[in-house]
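**Q** If it helps, the file is called start_8.cif and holds mmCIF, C-alpha atoms and all ligand atoms:
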data_final
loop_
_atom_site.label_atom_id
_atom_site.label_comp_id
_atom_site.auth_asym_id
_atom_site.auth_seq_id
_atom_site.Cartn_x
_atom_site.Cartn_y
_atom_site.Cartn_z
CA MET A 1 -55.54 -57.72 -66.77
CA SER A 2 -59.06 -57.13 -65.45
CA PRO A 3 -59.34 -55.73 -61.92
CA VAL A 4 -60.04 -58.25 -59.20
CA ASN A 5 -63.56 -58.43 -57.84
CA PRO A 6 -63.25 -57.70 -54.11
CA ASN A 7 -66.31 -59.87 -53.38
CA SER A 8 -64.75 -63.06 -54.72
CA ASN A 9 -63.38 -65.92 -52.68
CA PHE A 10 -59.65 -65.80 -53.33
CA PHE A 11 -57.45 -68.86 -53.33
CA LEU A 12 -53.98 -67.28 -53.33
CA PHE A 13 -52.22 -70.34 -54.62
CA SER A 14 -48.51 -69.83 -55.34
CA VAL A 15 -45.46 -71.88 -56.23
CA ASP A 16 -42.30 -71.69 -54.13
CA LEU A 17 -39.81 -72.49 -56.86
CA GLU A 18 -36.90 -74.28 -55.23
CA ASP A 19 -34.92 -77.46 -55.75
CA VAL A 20 -34.92 -79.77 -52.71
CA ARG A 21 -31.75 -81.38 -53.99
CA ASP A 22 -29.94 -78.14 -53.13
CA PHE A 23 -30.69 -78.69 -49.44
CA ILE A 24 -29.10 -82.11 -48.94
CA PRO A 25 -25.50 -83.29 -49.24
CA ASN A 26 -24.73 -84.71 -52.71
CA GLY A 27 -28.24 -83.77 -53.81
CA ASN A 28 -27.23 -83.65 -57.46
CA LYS A 29 -26.98 -87.43 -57.56
CA TYR A 30 -30.81 -87.43 -57.57
CA LYS A 31 -32.91 -86.90 -60.67
CA GLU A 32 -33.53 -83.38 -61.97
CA ALA A 33 -37.20 -82.63 -61.38
CA VAL A 34 -37.76 -78.87 -61.17
CA PRO A 35 -38.42 -78.09 -64.86
CA ALA A 36 -40.88 -80.95 -65.50
CA ASN A 37 -42.85 -80.31 -62.32
CA THR A 38 -42.95 -76.55 -62.86
CA ILE A 39 -44.36 -77.16 -66.33
CA LYS A 40 -47.10 -79.27 -64.68
CA TYR A 41 -48.13 -76.19 -62.68
CA LEU A 42 -47.94 -73.93 -65.73
CA ASP A 43 -50.05 -76.28 -67.85
CA TRP A 44 -52.60 -76.73 -65.07
CA LEU A 45 -52.86 -72.96 -64.61
CA ASP A 46 -53.49 -72.58 -68.35
CA LYS A 47 -56.13 -75.29 -68.13
CA VAL A 48 -58.04 -73.50 -65.35
CA ASN A 49 -57.33 -70.12 -66.99
CA ALA A 50 -55.56 -68.60 -63.96
CA LYS A 51 -52.44 -66.55 -63.27
CA THR A 52 -50.48 -66.94 -60.08
CA THR A 53 -47.29 -65.91 -58.30
CA PHE A 54 -44.04 -67.84 -58.39
CA PHE A 55 -41.76 -67.15 -55.42
CA ILE A 56 -38.42 -68.04 -56.96
CA VAL A 57 -35.02 -68.91 -55.48
CA GLY A 58 -32.24 -67.03 -57.30
CA THR A 59 -29.98 -70.08 -57.73
CA VAL A 60 -32.86 -71.95 -59.39
CA ALA A 61 -33.47 -68.99 -61.74
CA ARG A 62 -29.82 -69.02 -62.78
CA THR A 63 -29.87 -72.80 -63.32
CA TYR A 64 -33.09 -72.75 -65.35
CA PRO A 65 -33.28 -69.36 -67.11
CA ASP A 66 -35.60 -70.65 -69.85
CA LEU A 67 -38.06 -71.86 -67.24
CA ILE A 68 -38.21 -68.39 -65.70
CA ARG A 69 -38.73 -66.84 -69.14
CA GLU A 70 -41.58 -69.30 -69.70
CA ILE A 71 -43.22 -68.32 -66.39
CA ILE A 72 -43.03 -64.65 -67.38
CA LYS A 73 -44.23 -65.37 -70.92
CA ARG A 74 -47.34 -67.14 -69.61
CA GLY A 75 -48.30 -64.04 -67.61
CA HIS A 76 -47.46 -65.07 -64.05
CA GLU A 77 -45.92 -62.87 -61.38
CA THR A 78 -42.30 -63.50 -60.40
CA ALA A 79 -41.38 -62.79 -56.79
CA SER A 80 -38.47 -63.54 -54.46
CA HIS A 81 -37.94 -66.60 -52.32
CA THR A 82 -34.41 -65.24 -51.61
CA ASP A 83 -31.29 -65.77 -53.65
CA ASN A 84 -30.25 -69.11 -52.13
CA HIS A 85 -32.96 -70.13 -49.65
CA LEU A 86 -31.01 -69.21 -46.56
CA HIS A 87 -33.28 -68.66 -43.53
CA LEU A 88 -33.52 -64.98 -42.55
CA THR A 89 -32.45 -65.91 -39.02
CA LYS A 90 -29.14 -67.10 -40.44
CA GLN A 91 -28.40 -63.84 -42.29
CA THR A 92 -27.20 -60.46 -41.14
CA GLU A 93 -28.82 -57.32 -42.49
CA ASP A 94 -25.92 -56.72 -44.86
CA GLU A 95 -25.90 -60.30 -46.08
CA PHE A 96 -29.61 -60.00 -46.80
CA ARG A 97 -28.97 -56.77 -48.77
CA LYS A 98 -26.52 -58.68 -50.97
CA ASP A 99 -29.07 -61.48 -51.30
CA CYS A 100 -31.79 -59.06 -52.51
CA ASP A 101 -29.38 -57.35 -54.89
CA SER A 102 -28.23 -60.60 -56.46
CA PHE A 103 -31.78 -61.96 -56.75
CA LEU A 104 -33.14 -58.81 -58.41
CA ASN A 105 -30.22 -58.60 -60.84
CA THR A 106 -30.90 -62.18 -61.88
CA MET A 107 -34.62 -61.62 -62.37
CA TYR A 108 -34.27 -58.39 -64.33
CA SER A 109 -31.62 -59.97 -66.55
CA LEU A 110 -34.15 -62.71 -67.36
CA GLY A 111 -36.85 -60.25 -68.39
CA ALA A 112 -38.85 -59.61 -65.22
CA THR A 113 -40.11 -56.04 -65.31
CA SER A 114 -41.36 -55.60 -61.77
CA VAL A 115 -40.52 -57.70 -58.71
CA LYS A 116 -42.56 -56.61 -55.70
CA GLY A 117 -43.20 -59.73 -53.63
CA PHE A 118 -41.17 -61.70 -51.14
CA ARG A 119 -41.53 -64.96 -49.23
CA ALA A 120 -39.00 -65.91 -46.56
CA PRO A 121 -37.62 -69.45 -46.77
CA THR A 122 -39.51 -71.79 -44.41
CA PHE A 123 -41.49 -68.79 -43.07
CA SER A 124 -38.40 -67.58 -41.24
CA MET A 125 -39.79 -64.06 -40.81
CA VAL A 126 -40.05 -64.00 -37.01
CA GLU A 127 -39.54 -61.51 -34.18
CA GLN A 128 -35.74 -61.86 -34.37
CA SER A 129 -35.58 -61.39 -38.16
CA LYS A 130 -38.19 -58.65 -38.63
CA TRP A 131 -35.39 -56.21 -39.54
CA ALA A 132 -35.75 -57.80 -42.98
CA TYR A 133 -38.87 -55.68 -43.69
CA LYS A 134 -36.72 -52.54 -43.68
CA VAL A 135 -34.27 -54.07 -46.17
CA LEU A 136 -37.11 -55.25 -48.43
CA ASN A 137 -38.45 -51.71 -48.45
CA GLU A 138 -35.04 -50.35 -49.46
CA PHE A 139 -35.04 -52.66 -52.48
CA GLY A 140 -38.49 -51.61 -53.69
CA PHE A 141 -40.47 -54.65 -52.57
CA THR A 142 -44.02 -53.77 -51.55
CA TYR A 143 -45.39 -56.96 -50.01
CA SER A 144 -44.35 -60.11 -48.21
CA SER A 145 -46.03 -63.43 -47.46
CA SER A 146 -43.53 -64.74 -44.96
CA VAL A 147 -45.19 -65.23 -41.59
CA LEU A 148 -46.72 -68.33 -40.05
CA PRO A 149 -48.71 -66.85 -37.16
CA SER A 150 -48.67 -69.93 -34.93
CA THR A 151 -46.25 -72.14 -33.05
CA ASN A 152 -44.39 -74.53 -35.30
CA PRO A 153 -41.47 -76.95 -34.84
CA MET A 154 -39.41 -74.88 -37.28
CA PHE A 155 -40.55 -71.27 -37.51
CA GLY A 156 -43.63 -69.45 -36.34
CA TRP A 157 -44.58 -66.04 -34.98
CA PRO A 158 -47.62 -66.69 -32.76
CA GLU A 159 -47.79 -63.10 -31.47
CA PHE A 160 -47.90 -61.66 -34.99
CA LYS A 161 -50.54 -58.90 -35.11
CA GLY A 162 -52.03 -59.78 -38.52
CA GLU A 163 -52.23 -58.57 -42.10
CA GLY A 164 -50.96 -55.03 -42.63
CA TYR A 165 -47.90 -52.81 -43.01
CA TYR A 166 -44.58 -53.54 -41.30
CA GLU A 167 -41.77 -51.06 -42.04
CA GLY A 168 -43.46 -50.11 -45.31
CA ILE A 169 -44.05 -53.71 -46.45
CA TYR A 170 -47.57 -55.16 -46.58
CA GLU A 171 -47.49 -58.59 -44.91
CA LEU A 172 -50.01 -61.25 -45.89
CA PRO A 173 -49.48 -63.97 -43.27
CA MET A 174 -50.43 -67.61 -43.80
CA ASN A 175 -53.86 -68.72 -42.63
CA VAL A 176 -54.15 -70.75 -39.50
CA GLY A 177 -57.26 -72.90 -39.13
CA SER A 178 -59.66 -72.25 -36.28
CA TRP A 179 -61.49 -75.52 -36.92
CA PRO A 180 -60.90 -78.24 -35.91
CA PHE A 181 -57.56 -77.03 -34.51
CA LYS A 182 -55.08 -74.19 -34.95
CA VAL A 183 -52.81 -75.44 -37.71
CA PRO A 184 -51.84 -74.15 -41.11
CA PHE A 185 -53.71 -75.87 -43.95
CA GLY A 186 -53.30 -73.99 -47.22
CA GLY A 187 -49.97 -75.21 -48.51
CA GLY A 188 -47.35 -77.90 -48.87
CA VAL A 189 -47.62 -80.96 -46.67
CA TYR A 190 -50.68 -79.60 -44.85
CA PHE A 191 -52.60 -79.19 -48.08
CA ARG A 192 -51.77 -82.74 -49.16
CA PHE A 193 -52.29 -84.38 -45.77
CA PHE A 194 -55.76 -83.20 -44.65
CA PRO A 195 -58.75 -85.07 -46.02
CA THR A 196 -60.63 -83.02 -48.63
CA PHE A 197 -63.75 -82.56 -46.45
CA ILE A 198 -61.67 -80.94 -43.68
CA LEU A 199 -59.84 -78.71 -46.16
CA LYS A 200 -63.15 -77.68 -47.69
CA GLU A 201 -64.48 -76.66 -44.28
CA LEU A 202 -61.28 -74.72 -43.47
CA PHE A 203 -61.43 -72.93 -46.82
CA ARG A 204 -65.15 -72.23 -46.43
CA SER A 205 -64.81 -70.80 -42.93
CA THR A 206 -61.92 -68.58 -44.09
CA PHE A 207 -63.89 -67.23 -47.05
CA GLN A 208 -66.81 -66.55 -44.71
CA THR A 209 -64.64 -64.02 -42.87
CA ASN A 210 -63.80 -62.30 -46.21
CA LYS A 211 -60.22 -63.49 -46.08
CA PRO A 212 -58.29 -65.21 -48.86
CA VAL A 213 -56.76 -68.67 -48.43
CA LEU A 214 -53.02 -68.42 -48.99
CA SER A 215 -51.26 -71.43 -50.36
CA TYR A 216 -47.78 -72.45 -51.38
CA LEU A 217 -46.73 -75.58 -53.21
CA HIS A 218 -43.31 -76.65 -54.43
CA PRO A 219 -42.20 -78.56 -57.50
CA TYR A 220 -41.78 -81.65 -55.28
CA ASP A 221 -45.40 -81.45 -54.05
CA VAL A 222 -46.50 -82.76 -57.46
CA ASP A 223 -43.45 -84.92 -58.13
CA THR A 224 -44.81 -88.45 -58.21
CA GLU A 225 -41.54 -89.93 -59.42
CA GLN A 226 -39.10 -88.54 -56.88
CA GLU A 227 -36.64 -91.00 -55.38
CA ARG A 228 -37.08 -91.46 -51.64
CA PHE A 229 -34.58 -89.41 -49.71
CA MET A 230 -34.61 -87.72 -46.35
CA HIS A 231 -35.87 -84.19 -46.79
CA PRO A 232 -33.95 -81.37 -45.18
CA HIS A 233 -34.96 -79.60 -41.96
CA LEU A 234 -36.97 -82.59 -40.73
CA ASN A 235 -34.55 -83.74 -38.03
CA ASP A 236 -34.12 -87.06 -39.83
CA SER A 237 -37.61 -88.06 -38.74
CA LYS A 238 -38.96 -90.98 -40.76
CA ALA A 239 -42.57 -90.00 -39.96
CA LEU A 240 -42.07 -86.46 -41.22
CA ASN A 241 -40.33 -87.78 -44.28
CA TRP A 242 -43.28 -90.05 -44.96
CA LEU A 243 -45.49 -86.96 -44.83
CA MET A 244 -43.35 -85.33 -47.49
CA TYR A 245 -44.65 -87.89 -49.99
CA VAL A 246 -48.32 -88.09 -49.03
CA ASN A 247 -50.93 -87.58 -51.76
CA ARG A 248 -48.75 -85.96 -54.39
CA THR A 249 -50.93 -87.49 -57.09
CA GLY A 250 -54.07 -85.71 -55.88
CA VAL A 251 -52.92 -82.08 -55.70
CA PHE A 252 -54.37 -80.69 -58.94
CA GLU A 253 -57.64 -82.59 -58.62
CA ARG A 254 -58.03 -81.31 -55.06
CA MET A 255 -57.35 -77.70 -56.06
CA GLU A 256 -59.90 -77.96 -58.86
CA TYR A 257 -62.49 -79.44 -56.53
CA LEU A 258 -62.03 -76.64 -54.00
CA ILE A 259 -62.11 -73.76 -56.47
CA LYS A 260 -65.19 -75.16 -58.22
CA ASN A 261 -67.15 -76.09 -55.11
CA LEU A 262 -66.35 -72.91 -53.19
CA ASN A 263 -66.57 -70.58 -56.17
CA ALA A 264 -63.02 -69.37 -55.58
CA SER A 265 -60.62 -67.65 -57.97
CA ILE A 266 -56.87 -67.93 -58.25
CA VAL A 267 -55.13 -64.58 -58.83
CA ARG A 268 -51.60 -63.22 -58.70
CA TYR A 269 -50.67 -61.80 -55.31
CA ASP A 270 -49.83 -58.40 -56.81
CA GLU A 271 -53.25 -58.24 -58.50
CA TYR A 272 -55.03 -59.25 -55.29
CA LEU A 273 -53.15 -56.61 -53.32
CA LYS A 274 -53.55 -53.77 -55.79
CA PRO A 275 -56.78 -52.34 -54.24
CA LYS A 276 -55.39 -52.66 -50.70
CA LEU A 277 -52.07 -50.98 -51.53
CA GLN A 278 -53.83 -48.20 -53.46
CA GLN A 279 -56.03 -47.39 -50.45
CA SER A 280 -53.08 -46.85 -48.15
ZN ZN B 301 -38.84 -72.61 -49.59
#
Using C-alpha cells, write down the structure that the file contains.
Ligand SMILES: [Zn+2]
**A**
Amino acid sequence: MSPVNPNSNFFLFSVDLEDVRDFIPNGNKYKEAVPANTIKYLDWLDKVNAKTTFFIVGTVARTYPDLIREIIKRGHETASHTDNHLHLTKQTEDEFRKDCDSFLNTMYSLGATSVKGFRAPTFSMVEQSKWAYKVLNEFGFTYSSSVLPSTNPMFGWPEFKGEGYYEGIYELPMNVGSWPFKVPFGGGVYFRFFPTFILKELFRSTFQTNKPVLSYLHPYDVDTEQERFMHPHLNDSKALNWLMYVNRTGVFERMEYLIKNLNASIVRYDEYLKPKLQQS
C-alpha cells in the first residue's frame, strides 16, 4: 500500500457493519439485508479504487463469516464495533473485556491479521465510559473513532478536548460543523439529510483547516428496499423514523460528487493514522 500523502483532503468514509434487525423485538421477521448492502459498498469502493475501514459487530461477523472474508480479501481494514453493539455506558469494565476478547477471537478466526481500530456503538464513548480506553489499550487496539464532541439527544461529549491520545489510544472524534450550525454532518442520517451544497461547504471548510472528514454509514443507509419499521433508539418518534429513510438512493452519487469536486481521497483509518502514530 502506498503511503498516504499528508497534503490530501481525506474523506475517512467507513462502514459500521451492523444489522438493525438485531435491535428490535422479533427483528428476524424482516428481510435479510446486510450481505447485499455490504456488497454494494464493496463494489462501489472497487469502482472508485479506494480502501476503507469496516467497523464490525461481532455477532454480524459470526452470522456472515464469508462476508467478512470478502471484506478482508478486497483489502479493507477490519475494526471493532463491539461484539454485540451494547452501549459502553451499559457495560462494566469486565464485561467490556469479555466483549473485546470475544470480538477479537472471532475476527482472527476469520482471517483478520491485525485489528487496531474501535468505534463505540452510537458514539457511547462519553465522560462516564472513558474507562474503556484503558481496556482497549490492554487488548492491543491503537485508535478509536468513538466520540461525538457535541450535545446530542443520545450520546455526546461536548467538553471533549479533541483529537489525540487518551490512555494510550488515539481518538479521532467525529467532525462537528461550524457552519451553518454546530451539528455532525459526515455520516448516517446527517449525511443523507443535508442538501449537497451544504455538505460541500461543510466538507470544504473542514479540509481548509487540514482536518479529515470522518464518516460512517451502515448497510441500511443504502438499503432502498427495507420494509418500514420503527428504528431502535429513536423513542418511537415518527419524524425521526422518517429521517432514517431519507435519500438512501443518493448516497453513492453524493459521495462521488464530493470526492471529485473537493479532490478528496478515501483511505483506511489505519493508513491515515500511520504517520501520526509513528510520530508519537
Ligand atoms: Zn452502530
**Q** Near A:Val48, counting all atoms listed in the file, which residues have an atom at most 12 Å away, once you skip same-chain residues fewer than 2 positions from it, shown as an MDAnalysis selection string?
**A** chainID A and resid 41:46 50:52 252:253 255:257 259:260 264:267
**Q** Please write out the residues within 10 Å of ligand ZN 301 (chain B) as a ChimeraX atom specification, counting only C-alpha atoms and all ligand atoms.
**A** /A:15-20,55-57,81-82,84-87,119-124,216-218
**Q** Box for stretch 215-222 of chain A: with edges along x, y and z, all listed atoms inside and 5 Å added on each side, what are the centre and edge lengths in Å to one decimal, as AutoDock Vina command-line options?
**A**
--center_x -46.5 --center_y -77.1 --center_z -53.9 --size_x 19.5 --size_y 21.3 --size_z 17.1
**Q** For A:Tyr143, which residue among A:Ser109, A:Asn9, A:Gln226, A:Ser80 is the nearest when counting only C-alpha atoms?
**A** A:Ser80
**Q** Would you mind telling me which residue in A:Lys40, A:Trp131, A:Leu67, A:Phe118 lies nearest to A:Val222 when using all atoms listed in the file?
**A**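 So, comparing all the options, the nearest one is A:Lys40.
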**Q** From the options A:Leu172, A:Asp99, A:Val126, A:Glu138, which residue's atoms come nearest to A:Gly156, counting only C-alpha atoms?
**A**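 So, comparing all the options, the nearest one is A:Val126.
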**Q** Here is a test: counting all atoms listed in the file, which residue of A:Asn105, A:Asn261, A:Thr63, A:Ser14 is nearest to A:Gly117?
**A**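 So, comparing all the options, the nearest one is A:Ser14.
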